[in-house]
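Asks: Have a look at this one.
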Amino acid sequence: MATESTCYHGACTCRFVRYRMTAKPLFVHCCHCRWCQRETGASFALNAMIEATRVQLLQGEVQVVDTPSNSGKGQKISRCPRCHIAVWSNYAGAGDAVRFVRVGTLEDPERLPPDIHIFTASKQPWVVLPPGTPAVAEYYKASELWPKESLERRAVLLAMSQQR
C-alpha cells in the first residue's frame, strides 16, 4: 500500500495533466546521450524508471507521440496536449510495462537524485558529475547496480511479459 512517503506527485507546466507514482522508482537514470540532449534541449535527461501500473493519471489526458530513438526501435513520449510538456516515455525495449517518468515534472524532484549517470562519453564537458554516484561511458547491467527490491520487481515484470 502506498504511503505519502512512497508517493511522488507530478504535473505538466499548465497543470492539465497530473499524476502520481505510487512507489519508489526502480532506478533513476541521468542520461547524457546526444539523443536525450536533443530531445530535451538540455545537457541530459533525468528519468525515473517505474512500472506503468504504479503511475496513476489523476487528471487530464496525455498525447502519445511516437519519436525515433538511438536504438532504432523508437519511444512513445506522453505529453500534455495543451502545454506539450513530456511527462513520461515508454521505450520499445520495455514496451508499455515501464515508464520513464521525467523527474523534472515531479512536485519534489529533489527526492529522486540520479542513481547512475549513463552515456557519459557524450556528456557536455562542463557538466561535473558528483562523486559517489556511478557513471558509465555507455550503458550498464541492471543486475550489477540495481537494488535487490528493484531487481525483484523487474523479475515480476519479465515473468508477466513472458505470459503474454
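The way I read the labels, and the way they are meant: chains A, B, ... in the order of the C-alpha cells, residue 1 as the first residue of every chain, and ligand 1 as the first ligand shown, with later ones counted on from there.
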Could you name the residues that touch Thr120 in chain A at 9 Å or less, counting only C-alpha atoms, but leaving out those on the same chain fewer than 3 positions away, as a PyMOL selection string?

Replies: chain A and resi 31-33+117+123-124+135-138

Asks: Could you pull the residues within 12 Å of Ser161 in chain A, counting only C-alpha atoms, minus those fewer than 5 positions along the same chain, as a list in words?

Replies: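 Neighbouring residues, sequence-local ones excluded: Gly93, Ala94, Gly95, Asp96, Ala97, Val98, Arg154, Ala155 and Val156 of chain A.
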
Asks: At a cut-off of 6 Å, using only C-alpha atoms, what residues contact range 55-63 of chain A? Leave out same-chain residues fewer than 2 positions from it and give the result as an MDAnalysis selection string.

Replies: chainID A and resid 16:21 52:53 78:81

Asks: Any idea what's packed within 12 Å of Ala23 in chain A, counting only C-alpha atoms, ignoring anything in its chain fewer than 3 positions away? Could you give it as a short mmCIF file (atom, residue, chain, number, x, y, z; two decimals) with C-alpha atoms, in the first residue's frame?

Replies:
data_model
loop_
_atom_site.label_atom_id
_atom_site.label_comp_id
_atom_site.auth_asym_id
_atom_site.auth_seq_id
_atom_site.Cartn_x
_atom_site.Cartn_y
_atom_site.Cartn_z
CA MET A 1 0.00 0.00 0.00
CA ALA A 2 1.34 3.40 -0.96
CA THR A 3 2.01 5.93 1.76
CA GLU A 4 2.75 9.62 1.44
CA SER A 5 6.47 8.86 1.84
CA THR A 6 6.40 6.43 -1.10
CA CYS A 7 4.17 8.57 -3.35
CA TYR A 8 5.53 11.10 -5.78
CA HIS A 9 3.15 13.65 -7.34
CA ARG A 20 1.12 10.10 -9.03
CA LEU A 26 13.13 1.01 -9.95
CA PHE A 27 16.13 3.20 -10.79
CA ALA A 48 12.71 7.62 -13.07
CA MET A 49 12.06 4.09 -14.33
CA ILE A 50 8.90 2.62 -12.81
CA GLU A 51 6.25 0.05 -13.62
CA ALA A 52 3.39 1.61 -15.61
CA THR A 53 0.93 0.09 -13.15
CA ARG A 54 2.48 2.26 -10.42
CA VAL A 55 1.83 5.51 -12.31
CA GLN A 56 -1.69 6.83 -11.88
CA LEU A 112 14.88 11.47 -6.78
CA GLU A 149 13.99 -4.86 -4.41
CA SER A 150 14.15 -3.31 -7.88
CA ARG A 153 10.16 -6.05 -9.22
#

Asks: Which residue, A:Ile77, A:Cys30, A:Val87, A:Tyr139, has the smallest gap to Arg102 in chain A when you use only C-alpha atoms?

Replies: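 Result for the nearest residue to Arg102 in chain A: A:Val87.
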
Asks: Write out as a VMD selection string which residues come within 12 Å of Gly72 in chain A when counting only C-alpha atoms, dropping same-chain ones fewer than 6 positions away.

Replies: chain A and resid 35 66 91 to 93

Asks: How about saving the chosen residues, all heavy atoms kept, as an mmCIF file, in the first residue's frame?

Replies:
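The resulting file, result_24.cif, is shown below:
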data_model
loop_
_atom_site.group_PDB
_atom_site.id
_atom_site.type_symbol
_atom_site.label_atom_id
_atom_site.label_comp_id
_atom_site.auth_asym_id
_atom_site.auth_seq_id
_atom_site.Cartn_x
_atom_site.Cartn_y
_atom_site.Cartn_z
ATOM 1 N N TRP A 35 20.947 11.961 -28.045
ATOM 2 C CA TRP A 35 19.506 11.912 -28.313
ATOM 3 C C TRP A 35 18.735 12.622 -27.200
ATOM 4 O O TRP A 35 17.830 13.416 -27.471
ATOM 5 C CB TRP A 35 19.038 10.470 -28.464
ATOM 6 C CG TRP A 35 19.412 9.893 -29.788
ATOM 7 C CD1 TRP A 35 20.644 9.402 -30.143
ATOM 8 C CD2 TRP A 35 18.606 9.789 -30.946
ATOM 9 N NE1 TRP A 35 20.627 8.983 -31.443
ATOM 10 C CE2 TRP A 35 19.389 9.204 -31.958
ATOM 11 C CE3 TRP A 35 17.287 10.111 -31.229
ATOM 12 C CZ2 TRP A 35 18.889 8.943 -33.227
ATOM 13 C CZ3 TRP A 35 16.785 9.848 -32.484
ATOM 14 C CH2 TRP A 35 17.586 9.278 -33.472
ATOM 15 N N ASP A 66 4.949 9.257 -31.095
ATOM 16 C CA ASP A 66 5.993 8.302 -31.485
ATOM 17 C C ASP A 66 7.218 9.092 -31.933
ATOM 18 O O ASP A 66 7.119 9.976 -32.788
ATOM 19 C CB ASP A 66 5.513 7.397 -32.616
ATOM 20 C CG ASP A 66 4.471 6.394 -32.148
ATOM 21 O OD1 ASP A 66 4.627 5.861 -31.038
ATOM 22 O OD2 ASP A 66 3.508 6.157 -32.896
ATOM 23 N N TYR A 91 9.839 3.206 -23.777
ATOM 24 C CA TYR A 91 10.778 2.787 -24.812
ATOM 25 C C TYR A 91 10.386 1.408 -25.318
ATOM 26 O O TYR A 91 9.837 0.593 -24.576
ATOM 27 C CB TYR A 91 12.209 2.745 -24.267
ATOM 28 C CG TYR A 91 12.796 4.115 -24.058
ATOM 29 C CD1 TYR A 91 12.616 4.797 -22.862
ATOM 30 C CD2 TYR A 91 13.516 4.748 -25.070
ATOM 31 C CE1 TYR A 91 13.143 6.065 -22.672
ATOM 32 C CE2 TYR A 91 14.050 6.017 -24.889
ATOM 33 C CZ TYR A 91 13.856 6.660 -23.688
ATOM 34 O OH TYR A 91 14.370 7.912 -23.510
ATOM 35 N N ALA A 92 10.687 1.138 -26.569
ATOM 36 C CA ALA A 92 10.304 -0.124 -27.198
ATOM 37 C C ALA A 92 10.830 -1.331 -26.437
ATOM 38 O O ALA A 92 10.147 -2.341 -26.313
ATOM 39 C CB ALA A 92 10.777 -0.150 -28.642
ATOM 40 N N GLY A 93 12.038 -1.243 -25.889
ATOM 41 C CA GLY A 93 12.623 -2.385 -25.190
ATOM 42 C C GLY A 93 11.793 -2.873 -24.011
ATOM 43 O O GLY A 93 11.657 -4.066 -23.782
#

Asks: Pick from A:Ser122, A:Asn90, A:Asp115, A:Val103: nearest to Arg34 in chain A, with only C-alpha atoms counted?

Replies: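 Checking each candidate against Arg34 in chain A, we get A:Ser122 as the closest.
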
Asks: Within range 70-145 of chain A, find each residue whose DSSP state, derived from the backbone, is strand (DSSP E or B), and express the selection as a ChimeraX atom specification.

Replies: /A:75-79,86-91,98-102,106,116-118,135

Asks: Any idea what the distance is between CA of Pro113 in chain A and CA of Ala159 in chain A?

Replies: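 About the pair CA of Pro113 in chain A and CA of Ala159 in chain A: they are 28.8 Å apart.
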
Asks: Just give me the gap between CA of Glu152 in chain A and CA of Glu110 in chain A in Å, one decimal is fine.

Replies: 25.3 Å

Asks: Counting only C-alpha atoms, which of A:Cys36, A:Leu145, A:Ala121, A:Met160 gets nearest to Pro68 in chain A?

Replies: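 Of all the options, A:Cys36 lies closest to Pro68 in chain A.
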
Asks: One number please: CA of Arg99 in chain A to CA of Pro131 in chain A, in Å, one decimal.

Replies: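 These atoms are spaced 27.5 Å apart.
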